[in-house]
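File shown: work_3.cif (mmCIF, N, CA and C atoms).
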```
data_final
#
loop_
_atom_site.label_atom_id
_atom_site.label_comp_id
_atom_site.auth_asym_id
_atom_site.auth_seq_id
_atom_site.Cartn_x
_atom_site.Cartn_y
_atom_site.Cartn_z
N MET A 1 12.38 30.60 137.51
CA MET A 1 11.07 30.82 136.92
C MET A 1 11.23 31.10 135.42
N VAL A 2 10.39 30.50 134.61
CA VAL A 2 10.44 30.67 133.17
C VAL A 2 9.77 31.99 132.81
N THR A 3 10.45 32.78 131.99
CA THR A 3 9.88 34.04 131.53
C THR A 3 9.04 33.79 130.29
N ARG A 4 7.87 34.35 130.27
CA ARG A 4 6.96 34.18 129.15
C ARG A 4 7.42 35.04 127.98
N THR A 5 7.45 34.45 126.80
CA THR A 5 7.79 35.19 125.59
C THR A 5 6.60 36.06 125.21
N ARG A 6 6.86 37.32 124.94
CA ARG A 6 5.80 38.26 124.56
C ARG A 6 5.84 38.45 123.04
N PHE A 7 4.66 38.66 122.46
CA PHE A 7 4.55 38.88 121.02
C PHE A 7 3.84 40.19 120.70
N ASP A 8 3.70 41.08 121.68
CA ASP A 8 2.91 42.28 121.45
C ASP A 8 3.51 43.27 120.45
N ASP A 9 4.75 43.07 120.02
CA ASP A 9 5.29 43.92 118.97
C ASP A 9 5.66 43.10 117.72
N SER A 10 5.12 41.89 117.62
CA SER A 10 5.35 41.05 116.46
C SER A 10 4.65 41.62 115.24
N GLU A 11 5.18 41.35 114.06
CA GLU A 11 4.52 41.77 112.81
C GLU A 11 3.38 40.84 112.44
N CYS A 12 3.25 39.72 113.13
CA CYS A 12 2.24 38.71 112.80
C CYS A 12 0.97 38.92 113.63
N PRO A 13 -0.19 39.12 112.98
CA PRO A 13 -1.45 39.28 113.72
C PRO A 13 -1.82 38.06 114.55
N VAL A 14 -1.47 36.86 114.09
CA VAL A 14 -1.77 35.65 114.86
C VAL A 14 -0.97 35.66 116.16
N ALA A 15 0.31 36.01 116.08
CA ALA A 15 1.15 36.06 117.28
C ALA A 15 0.63 37.09 118.27
N ARG A 16 0.24 38.25 117.80
CA ARG A 16 -0.29 39.27 118.72
C ARG A 16 -1.60 38.81 119.35
N SER A 17 -2.44 38.13 118.58
CA SER A 17 -3.71 37.63 119.11
C SER A 17 -3.46 36.57 120.18
N VAL A 18 -2.55 35.66 119.90
CA VAL A 18 -2.21 34.62 120.87
C VAL A 18 -1.64 35.26 122.14
N ASP A 19 -0.88 36.31 121.97
CA ASP A 19 -0.32 37.02 123.12
C ASP A 19 -1.44 37.55 124.02
N ALA A 20 -2.52 38.02 123.40
CA ALA A 20 -3.62 38.62 124.16
C ALA A 20 -4.56 37.58 124.78
N ILE A 21 -4.87 36.52 124.05
CA ILE A 21 -5.91 35.58 124.52
C ILE A 21 -5.54 34.13 124.27
N GLY A 22 -4.27 33.82 124.15
CA GLY A 22 -3.85 32.51 123.69
C GLY A 22 -3.79 31.39 124.70
N ASP A 23 -4.00 31.64 125.98
CA ASP A 23 -3.98 30.51 126.90
C ASP A 23 -5.41 29.99 127.08
N TRP A 24 -5.52 28.72 127.47
CA TRP A 24 -6.86 28.11 127.51
C TRP A 24 -7.78 28.78 128.50
N TRP A 25 -7.27 29.25 129.64
CA TRP A 25 -8.18 29.88 130.61
C TRP A 25 -8.79 31.14 130.03
N SER A 26 -8.00 31.94 129.35
CA SER A 26 -8.54 33.18 128.78
C SER A 26 -9.62 32.90 127.75
N LEU A 27 -9.38 31.93 126.87
CA LEU A 27 -10.39 31.58 125.88
C LEU A 27 -11.66 31.04 126.53
N LEU A 28 -11.51 30.26 127.58
CA LEU A 28 -12.69 29.73 128.27
C LEU A 28 -13.44 30.82 129.04
N ILE A 29 -12.72 31.80 129.55
CA ILE A 29 -13.37 32.95 130.19
C ILE A 29 -14.18 33.72 129.16
N VAL A 30 -13.61 33.94 127.99
CA VAL A 30 -14.33 34.64 126.91
C VAL A 30 -15.55 33.82 126.49
N ARG A 31 -15.37 32.50 126.35
CA ARG A 31 -16.52 31.64 126.02
C ARG A 31 -17.63 31.81 127.05
N ASP A 32 -17.26 31.76 128.34
CA ASP A 32 -18.27 31.90 129.39
C ASP A 32 -18.91 33.27 129.38
N ALA A 33 -18.15 34.30 129.04
CA ALA A 33 -18.73 35.65 128.95
C ALA A 33 -19.78 35.69 127.84
N PHE A 34 -19.52 35.03 126.72
CA PHE A 34 -20.53 34.94 125.66
C PHE A 34 -21.75 34.16 126.14
N ASP A 35 -21.54 33.20 127.03
CA ASP A 35 -22.64 32.40 127.56
C ASP A 35 -23.37 33.08 128.71
N GLY A 36 -22.95 34.30 129.07
CA GLY A 36 -23.68 35.07 130.07
C GLY A 36 -23.02 35.22 131.43
N SER A 37 -21.87 34.61 131.65
CA SER A 37 -21.18 34.81 132.93
C SER A 37 -20.68 36.24 133.02
N ARG A 38 -20.81 36.83 134.21
CA ARG A 38 -20.38 38.21 134.41
C ARG A 38 -19.57 38.40 135.68
N ARG A 39 -19.82 37.58 136.67
CA ARG A 39 -19.16 37.77 137.97
C ARG A 39 -18.04 36.77 138.18
N PHE A 40 -17.08 37.19 139.00
CA PHE A 40 -15.93 36.35 139.32
C PHE A 40 -16.38 34.95 139.75
N GLY A 41 -17.34 34.89 140.66
CA GLY A 41 -17.81 33.60 141.17
C GLY A 41 -18.43 32.73 140.09
N GLU A 42 -19.11 33.35 139.12
CA GLU A 42 -19.69 32.57 138.03
C GLU A 42 -18.59 31.94 137.17
N PHE A 43 -17.57 32.72 136.86
CA PHE A 43 -16.45 32.18 136.08
C PHE A 43 -15.75 31.07 136.87
N GLN A 44 -15.55 31.30 138.15
CA GLN A 44 -14.82 30.35 138.99
C GLN A 44 -15.60 29.02 139.10
N ARG A 45 -16.89 29.10 139.30
CA ARG A 45 -17.72 27.88 139.40
C ARG A 45 -17.74 27.13 138.06
N SER A 46 -17.88 27.85 136.98
CA SER A 46 -17.97 27.21 135.66
C SER A 46 -16.66 26.53 135.28
N LEU A 47 -15.55 27.21 135.54
CA LEU A 47 -14.25 26.73 135.08
C LEU A 47 -13.52 25.85 136.08
N GLY A 48 -13.80 26.03 137.37
CA GLY A 48 -13.07 25.29 138.39
C GLY A 48 -11.61 25.70 138.48
N VAL A 49 -11.31 26.87 138.01
CA VAL A 49 -9.94 27.38 138.00
C VAL A 49 -9.61 27.98 139.37
N ALA A 50 -8.33 27.90 139.75
CA ALA A 50 -7.90 28.51 141.02
C ALA A 50 -8.14 30.02 140.97
N LYS A 51 -8.51 30.58 142.11
CA LYS A 51 -8.86 32.00 142.17
C LYS A 51 -7.71 32.91 141.73
N ASN A 52 -6.47 32.55 142.09
CA ASN A 52 -5.35 33.41 141.70
C ASN A 52 -5.14 33.40 140.19
N ILE A 53 -5.37 32.25 139.55
CA ILE A 53 -5.23 32.18 138.09
C ILE A 53 -6.35 32.96 137.42
N LEU A 54 -7.57 32.79 137.92
CA LEU A 54 -8.70 33.53 137.36
C LEU A 54 -8.49 35.03 137.51
N THR A 55 -8.04 35.46 138.67
CA THR A 55 -7.78 36.88 138.90
C THR A 55 -6.76 37.40 137.89
N ALA A 56 -5.69 36.68 137.69
CA ALA A 56 -4.65 37.10 136.74
C ALA A 56 -5.19 37.17 135.32
N ARG A 57 -5.97 36.16 134.90
CA ARG A 57 -6.49 36.15 133.53
C ARG A 57 -7.51 37.27 133.32
N LEU A 58 -8.37 37.50 134.31
CA LEU A 58 -9.34 38.58 134.19
C LEU A 58 -8.63 39.93 134.08
N ARG A 59 -7.59 40.13 134.90
CA ARG A 59 -6.82 41.39 134.83
C ARG A 59 -6.21 41.57 133.44
N THR A 60 -5.64 40.49 132.89
CA THR A 60 -5.02 40.56 131.56
C THR A 60 -6.06 40.87 130.49
N LEU A 61 -7.23 40.23 130.57
CA LEU A 61 -8.28 40.48 129.59
C LEU A 61 -8.82 41.91 129.69
N VAL A 62 -8.91 42.43 130.91
CA VAL A 62 -9.34 43.83 131.09
C VAL A 62 -8.26 44.77 130.56
N ALA A 63 -7.00 44.52 130.92
CA ALA A 63 -5.90 45.37 130.46
C ALA A 63 -5.78 45.35 128.94
N GLY A 64 -6.10 44.23 128.32
CA GLY A 64 -6.03 44.11 126.87
C GLY A 64 -7.26 44.62 126.15
N GLY A 65 -8.24 45.10 126.90
CA GLY A 65 -9.44 45.65 126.28
C GLY A 65 -10.43 44.63 125.77
N VAL A 66 -10.29 43.36 126.19
CA VAL A 66 -11.22 42.30 125.78
C VAL A 66 -12.45 42.30 126.68
N LEU A 67 -12.24 42.52 127.96
CA LEU A 67 -13.32 42.64 128.95
C LEU A 67 -13.22 44.01 129.61
N ALA A 68 -14.32 44.47 130.14
CA ALA A 68 -14.34 45.68 130.97
C ALA A 68 -14.90 45.29 132.33
N SER A 69 -14.35 45.87 133.38
CA SER A 69 -14.86 45.68 134.72
C SER A 69 -15.82 46.84 135.00
N VAL A 70 -17.07 46.50 135.28
CA VAL A 70 -18.11 47.52 135.46
C VAL A 70 -18.83 47.28 136.78
N PRO A 71 -19.51 48.31 137.31
CA PRO A 71 -20.30 48.09 138.52
C PRO A 71 -21.37 47.02 138.28
N ALA A 72 -21.67 46.26 139.31
CA ALA A 72 -22.66 45.19 139.19
C ALA A 72 -24.01 45.75 138.75
N SER A 73 -24.67 45.00 137.89
CA SER A 73 -25.95 45.44 137.33
C SER A 73 -27.06 45.50 138.39
N ASP A 74 -26.86 44.80 139.51
CA ASP A 74 -27.89 44.80 140.56
C ASP A 74 -27.67 45.92 141.59
N GLY A 75 -26.69 46.78 141.37
CA GLY A 75 -26.43 47.90 142.27
C GLY A 75 -25.61 47.54 143.49
N SER A 76 -25.20 46.28 143.62
CA SER A 76 -24.39 45.88 144.77
C SER A 76 -22.96 46.41 144.62
N ALA A 77 -22.15 46.16 145.62
CA ALA A 77 -20.77 46.64 145.61
C ALA A 77 -19.85 45.80 144.73
N TYR A 78 -20.37 44.72 144.16
CA TYR A 78 -19.56 43.83 143.33
C TYR A 78 -19.23 44.47 141.98
N ARG A 79 -18.27 43.87 141.31
CA ARG A 79 -17.91 44.25 139.94
C ARG A 79 -18.31 43.12 139.02
N GLU A 80 -18.60 43.45 137.80
CA GLU A 80 -18.90 42.45 136.79
C GLU A 80 -17.97 42.65 135.61
N TYR A 81 -17.82 41.61 134.82
CA TYR A 81 -16.97 41.63 133.64
C TYR A 81 -17.85 41.48 132.41
N VAL A 82 -17.73 42.42 131.50
CA VAL A 82 -18.52 42.39 130.27
C VAL A 82 -17.57 42.47 129.07
N LEU A 83 -17.99 41.85 128.00
CA LEU A 83 -17.20 41.89 126.77
C LEU A 83 -17.25 43.29 126.18
N THR A 84 -16.11 43.80 125.80
CA THR A 84 -16.01 45.07 125.08
C THR A 84 -16.26 44.79 123.60
N PRO A 85 -16.31 45.82 122.77
CA PRO A 85 -16.39 45.55 121.32
C PRO A 85 -15.24 44.66 120.82
N LYS A 86 -14.04 44.86 121.36
CA LYS A 86 -12.91 43.99 121.00
C LYS A 86 -13.20 42.55 121.42
N GLY A 87 -13.78 42.36 122.59
CA GLY A 87 -14.14 41.03 123.05
C GLY A 87 -15.26 40.43 122.22
N GLN A 88 -16.27 41.23 121.89
CA GLN A 88 -17.38 40.76 121.05
C GLN A 88 -16.87 40.29 119.69
N ALA A 89 -15.81 40.93 119.21
CA ALA A 89 -15.24 40.56 117.90
C ALA A 89 -14.60 39.18 117.93
N LEU A 90 -14.43 38.59 119.11
CA LEU A 90 -13.90 37.22 119.22
C LEU A 90 -14.97 36.16 118.96
N PHE A 91 -16.21 36.56 118.78
CA PHE A 91 -17.29 35.59 118.58
C PHE A 91 -16.99 34.60 117.46
N PRO A 92 -16.56 35.03 116.27
CA PRO A 92 -16.26 34.05 115.22
C PRO A 92 -15.12 33.10 115.62
N VAL A 93 -14.18 33.57 116.42
CA VAL A 93 -13.08 32.71 116.87
C VAL A 93 -13.63 31.61 117.77
N ILE A 94 -14.47 31.97 118.71
CA ILE A 94 -15.07 30.99 119.62
C ILE A 94 -15.95 30.01 118.85
N VAL A 95 -16.73 30.52 117.89
CA VAL A 95 -17.57 29.63 117.08
C VAL A 95 -16.70 28.68 116.28
N ALA A 96 -15.61 29.18 115.69
CA ALA A 96 -14.71 28.33 114.90
C ALA A 96 -14.10 27.24 115.78
N LEU A 97 -13.65 27.59 116.97
CA LEU A 97 -13.08 26.59 117.89
C LEU A 97 -14.13 25.56 118.28
N ARG A 98 -15.34 26.02 118.55
CA ARG A 98 -16.43 25.11 118.92
C ARG A 98 -16.71 24.14 117.77
N GLN A 99 -16.85 24.65 116.57
CA GLN A 99 -17.16 23.80 115.42
C GLN A 99 -16.01 22.84 115.12
N TRP A 100 -14.79 23.30 115.24
CA TRP A 100 -13.62 22.44 115.03
C TRP A 100 -13.62 21.32 116.06
N GLY A 101 -13.91 21.67 117.33
CA GLY A 101 -13.97 20.67 118.39
C GLY A 101 -15.08 19.66 118.17
N GLU A 102 -16.26 20.13 117.75
CA GLU A 102 -17.38 19.22 117.48
C GLU A 102 -17.01 18.23 116.38
N GLN A 103 -16.32 18.71 115.36
CA GLN A 103 -15.97 17.89 114.21
C GLN A 103 -14.85 16.90 114.51
N ASN A 104 -13.93 17.26 115.38
CA ASN A 104 -12.71 16.48 115.54
C ASN A 104 -12.55 15.75 116.87
N PHE A 105 -13.34 16.06 117.87
CA PHE A 105 -13.09 15.49 119.18
C PHE A 105 -14.27 14.77 119.81
N PHE A 106 -15.32 14.54 119.05
CA PHE A 106 -16.48 13.81 119.56
C PHE A 106 -16.81 12.67 118.61
N ALA A 107 -17.07 11.53 119.18
CA ALA A 107 -17.50 10.38 118.37
C ALA A 107 -18.94 10.62 117.92
N PRO A 108 -19.34 10.04 116.81
CA PRO A 108 -20.74 10.18 116.37
C PRO A 108 -21.70 9.76 117.50
N GLY A 109 -22.67 10.60 117.77
CA GLY A 109 -23.65 10.31 118.80
C GLY A 109 -23.21 10.65 120.22
N GLU A 110 -21.94 11.05 120.39
CA GLU A 110 -21.47 11.41 121.73
C GLU A 110 -22.09 12.75 122.13
N PRO A 111 -22.64 12.83 123.35
CA PRO A 111 -23.26 14.09 123.77
C PRO A 111 -22.25 15.22 123.91
N HIS A 112 -22.67 16.41 123.52
CA HIS A 112 -21.87 17.62 123.67
C HIS A 112 -22.79 18.83 123.58
N SER A 113 -22.26 19.97 123.94
CA SER A 113 -23.06 21.19 123.83
C SER A 113 -23.08 21.65 122.38
N GLN A 114 -24.08 22.46 122.05
CA GLN A 114 -24.21 22.97 120.69
C GLN A 114 -24.66 24.42 120.75
N LEU A 115 -24.08 25.25 119.92
CA LEU A 115 -24.50 26.64 119.80
C LEU A 115 -25.69 26.69 118.85
N VAL A 116 -26.77 27.34 119.29
CA VAL A 116 -28.02 27.34 118.54
C VAL A 116 -28.46 28.77 118.27
N ASP A 117 -28.98 29.00 117.09
CA ASP A 117 -29.58 30.27 116.71
C ASP A 117 -30.87 30.43 117.53
N ARG A 118 -30.93 31.48 118.38
CA ARG A 118 -32.09 31.68 119.26
C ARG A 118 -33.41 31.76 118.49
N SER A 119 -33.42 32.49 117.40
CA SER A 119 -34.69 32.71 116.69
C SER A 119 -35.16 31.48 115.92
N GLN A 120 -34.25 30.65 115.45
CA GLN A 120 -34.62 29.48 114.65
C GLN A 120 -34.58 28.17 115.44
N GLY A 121 -33.84 28.16 116.57
CA GLY A 121 -33.71 26.94 117.35
C GLY A 121 -32.85 25.88 116.67
N GLN A 122 -32.08 26.27 115.70
CA GLN A 122 -31.25 25.34 114.93
C GLN A 122 -29.78 25.62 115.17
N GLY A 123 -28.95 24.57 114.96
CA GLY A 123 -27.50 24.74 115.03
C GLY A 123 -27.02 25.64 113.90
N LEU A 124 -25.81 26.13 114.04
CA LEU A 124 -25.26 27.03 113.04
C LEU A 124 -24.64 26.27 111.86
N ARG A 125 -24.63 26.90 110.70
CA ARG A 125 -23.88 26.35 109.57
C ARG A 125 -22.40 26.46 109.88
N PRO A 126 -21.59 25.56 109.34
CA PRO A 126 -20.14 25.67 109.55
C PRO A 126 -19.61 27.00 109.01
N LEU A 127 -18.69 27.59 109.76
CA LEU A 127 -18.05 28.82 109.29
C LEU A 127 -17.23 28.52 108.05
N GLU A 128 -17.15 29.49 107.17
CA GLU A 128 -16.36 29.35 105.96
C GLU A 128 -15.47 30.58 105.81
N VAL A 129 -14.34 30.38 105.19
CA VAL A 129 -13.47 31.50 104.83
C VAL A 129 -13.78 31.83 103.39
N LEU A 130 -14.19 33.07 103.16
CA LEU A 130 -14.62 33.49 101.83
C LEU A 130 -13.73 34.60 101.29
N SER A 131 -13.56 34.62 99.98
CA SER A 131 -12.84 35.71 99.32
C SER A 131 -13.73 36.95 99.30
N SER A 132 -13.18 38.05 98.88
CA SER A 132 -13.96 39.29 98.82
C SER A 132 -15.12 39.17 97.83
N ASP A 133 -15.03 38.25 96.85
CA ASP A 133 -16.14 38.07 95.91
C ASP A 133 -17.03 36.88 96.28
N GLY A 134 -16.83 36.29 97.48
CA GLY A 134 -17.72 35.26 97.98
C GLY A 134 -17.30 33.83 97.72
N ARG A 135 -16.17 33.60 97.05
CA ARG A 135 -15.70 32.23 96.81
C ARG A 135 -15.18 31.62 98.11
N ARG A 136 -15.45 30.33 98.32
CA ARG A 136 -14.91 29.61 99.46
C ARG A 136 -13.41 29.40 99.22
N LEU A 137 -12.60 29.68 100.25
CA LEU A 137 -11.15 29.56 100.14
C LEU A 137 -10.61 28.44 101.01
N ALA A 138 -9.61 27.74 100.51
CA ALA A 138 -8.86 26.74 101.25
C ALA A 138 -7.49 27.32 101.55
N PRO A 139 -6.73 26.71 102.45
CA PRO A 139 -5.40 27.27 102.78
C PRO A 139 -4.52 27.51 101.55
N GLU A 140 -4.55 26.59 100.60
CA GLU A 140 -3.70 26.75 99.42
C GLU A 140 -4.14 27.89 98.50
N ASP A 141 -5.32 28.46 98.76
CA ASP A 141 -5.81 29.59 97.97
C ASP A 141 -5.36 30.93 98.55
N THR A 142 -4.62 30.91 99.64
CA THR A 142 -4.22 32.16 100.30
C THR A 142 -2.70 32.25 100.42
N THR A 143 -2.24 33.47 100.64
CA THR A 143 -0.83 33.73 100.90
C THR A 143 -0.74 34.94 101.83
N VAL A 144 0.34 35.05 102.57
CA VAL A 144 0.52 36.16 103.49
C VAL A 144 1.34 37.26 102.81
N HIS A 145 0.86 38.48 102.88
CA HIS A 145 1.58 39.64 102.38
C HIS A 145 1.82 40.60 103.54
N LYS A 146 2.98 41.17 103.60
CA LYS A 146 3.27 42.17 104.63
C LYS A 146 2.60 43.48 104.24
N VAL A 147 2.02 44.17 105.21
CA VAL A 147 1.41 45.47 105.00
C VAL A 147 2.47 46.51 105.35
N PRO A 148 2.82 47.36 104.39
CA PRO A 148 3.85 48.37 104.69
C PRO A 148 3.36 49.40 105.70
N SER A 149 4.28 49.91 106.50
CA SER A 149 3.90 50.95 107.47
C SER A 149 3.55 52.23 106.74
N THR A 150 2.65 52.98 107.33
CA THR A 150 2.21 54.22 106.70
C THR A 150 2.73 55.43 107.42
#
```
Target encoding structure tokens, full file:
Amino acid sequence: MVTRTRFDDSECPVARSVDAIGDWWSLLIVRDAFDGSRRFGEFQRSLGVAKNILTARLRTLVAGGVLASVPASDGSAYREYVLTPKGQALFPVIVALRQWGEQNFFAPGEPHSQLVDRSQGQGLRPLEVLSSDGRRLAPEDTTVHKVPST
């Protein structure tokens, strides 16, 4: 059996993030949670993922503080999964992936889903990376600096 490489003590924030939510099932579970899925069966129906894989990913997302397992909102004996503040903070990541996918993986006119502003009924503007003074930044405008321990 292949042992999974862990990055939870890496100095790189990208590596630690990938360690927490970097497989496709986890990202799709988070996407579905933003779309309103809360119960195991809802995630399973939407994703078509095997129950043992879904169980493992949900446990990992709960253990990582991305989702919380809470009593069902209808008072039944079931549990539901809700995004925590840490999970809610993934919204720009999901939007960025969605916009990147729309731009790069669909032919013009090909049907696909679209994220829409509820109050305006319009699609979202493309996300931008901005400097602290509001300038749009490209990759060549940035560099990585190590943050010293305190």
Margin query: Under the rule that all atoms listed in the file are counted, which of A:Trp24, A:Pro92, A:Phe40, A:Leu130 is the nearest residue to A:Thr55?
Written below: A:Phe40
Next item on the list: May I ask which of the residues A:Ala56, A:Arg38, A:Gln99, A:Val93 is the closest one to A:Tyr78, counting only C-alpha atoms?
Entry: A:Arg38
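Between atom CA of A:Glu102 and atom CA of A:Val30 lies a distance of 18.3 Å.
As for atom CA of A:Ile94 and atom C of A:Ile29, they are spaced 10.0 Å apart.
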Notebook entry, point to check: From the list A:Arg16, A:His145, A:Leu61, A:Ala96, which residue is nearest A:Pro126 when using all atoms listed in the file?
Noted result: A:Ala96
Next item on the list: For each of A:Lys146, A:Arg125, A:Arg136, A:Arg39, take the minimum atom-to-atom distance to A:Glu80, counting only C-alpha atoms, then give the residue where this is smallest.
Entry: A:Arg39
Margin query: I need every residue sitting at most 8 Å from the point (-17.3, 39.7, 133.9) (coordinates as in the file, all atoms listed in the file considered), written as a PyMOL selection string.
Written below: chain A and resi 33+36-40+43+67-70+79-83
Writer output for current selection, N, CA and C atoms, as a tab-separated table (two decimals), keeping the file's coordinate frame:
```tsv
chain	number	residue	atom	x	y	z
A	33	ALA	N	-18.15	34.30	129.04
A	33	ALA	CA	-18.73	35.65	128.95
A	33	ALA	C	-19.78	35.69	127.84
A	36	GLY	N	-22.95	34.30	129.07
A	36	GLY	CA	-23.68	35.07	130.07
A	36	GLY	C	-23.02	35.22	131.43
A	37	SER	N	-21.87	34.61	131.65
A	37	SER	CA	-21.18	34.81	132.93
A	37	SER	C	-20.68	36.24	133.02
A	38	ARG	N	-20.81	36.83	134.21
A	38	ARG	CA	-20.38	38.21	134.41
A	38	ARG	C	-19.57	38.40	135.68
A	39	ARG	N	-19.82	37.58	136.67
A	39	ARG	CA	-19.16	37.77	137.97
A	39	ARG	C	-18.04	36.77	138.18
A	40	PHE	N	-17.08	37.19	139.00
A	40	PHE	CA	-15.93	36.35	139.32
A	40	PHE	C	-16.38	34.95	139.75
A	43	PHE	N	-17.57	32.72	136.86
A	43	PHE	CA	-16.45	32.18	136.08
A	43	PHE	C	-15.75	31.07	136.87
A	67	LEU	N	-12.24	42.52	127.96
A	67	LEU	CA	-13.32	42.64	128.95
A	67	LEU	C	-13.22	44.01	129.61
A	68	ALA	N	-14.32	44.47	130.14
A	68	ALA	CA	-14.34	45.68	130.97
A	68	ALA	C	-14.90	45.29	132.33
A	69	SER	N	-14.35	45.87	133.38
A	69	SER	CA	-14.86	45.68	134.72
A	69	SER	C	-15.82	46.84	135.00
A	70	VAL	N	-17.07	46.50	135.28
A	70	VAL	CA	-18.11	47.52	135.46
A	70	VAL	C	-18.83	47.28	136.78
A	79	ARG	N	-18.27	43.87	141.31
A	79	ARG	CA	-17.91	44.25	139.94
A	79	ARG	C	-18.31	43.12	139.02
A	80	GLU	N	-18.60	43.45	137.80
A	80	GLU	CA	-18.90	42.45	136.79
A	80	GLU	C	-17.97	42.65	135.61
A	81	TYR	N	-17.82	41.61	134.82
A	81	TYR	CA	-16.97	41.63	133.64
A	81	TYR	C	-17.85	41.48	132.41
A	82	VAL	N	-17.73	42.42	131.50
A	82	VAL	CA	-18.52	42.39	130.27
A	82	VAL	C	-17.57	42.47	129.07
A	83	LEU	N	-17.99	41.85	128.00
A	83	LEU	CA	-17.20	41.89	126.77
A	83	LEU	C	-17.25	43.29	126.18
```
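Straight-line separation from atom C of A:Asp141 to atom N of A:Leu115: 29.0 Å.
Shortest separation to A:Val49 among A:Asp32, A:Trp25, A:Glu110, A:Phe7 occurs at residue A:Trp25, atoms counted being all atoms listed in the file.
Distance check against A:Leu58 using all atoms listed in the file: of A:Ser26, A:Phe34, A:Gly121, A:Ser132, the minimum falls on A:Ser26.
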Note to self: Using DSSP assignments from the backbone, pull out every residue in stretch 33-108 of chain A that falls under alpha helix (DSSP H) and give it to me as number ranges by chain.
What the structure shows: A: 33-34, 40-47, 51-63, 85-88, 91-104
Next item on the list: Just the strand (DSSP E or B) stuff from stretch 23-128 of chain A, please, per backbone DSSP, written as a VMD selection string.
Entry: chain A and resid 67 to 71 79 to 83 116 123
Take every atom of stretch 107-118 of chain A listed in the file, pad by 4 Å on each side, and give me the axis-aligned box centre and edge lengths in Å, one decimal, as JSON.
```
{"center_x": -25.2, "center_y": 20.8, "center_z": 120.2, "size_x": 24.3, "size_y": 30.0, "size_z": 15.6}
```
Next item on the list: Convert the output of the PyMOL selection byres ((chain A and resi 8) around 8) on the shown file into explicit residues, formatted as a ChimeraX atom specification.
Entry: /A:5-7,9-11,15-20
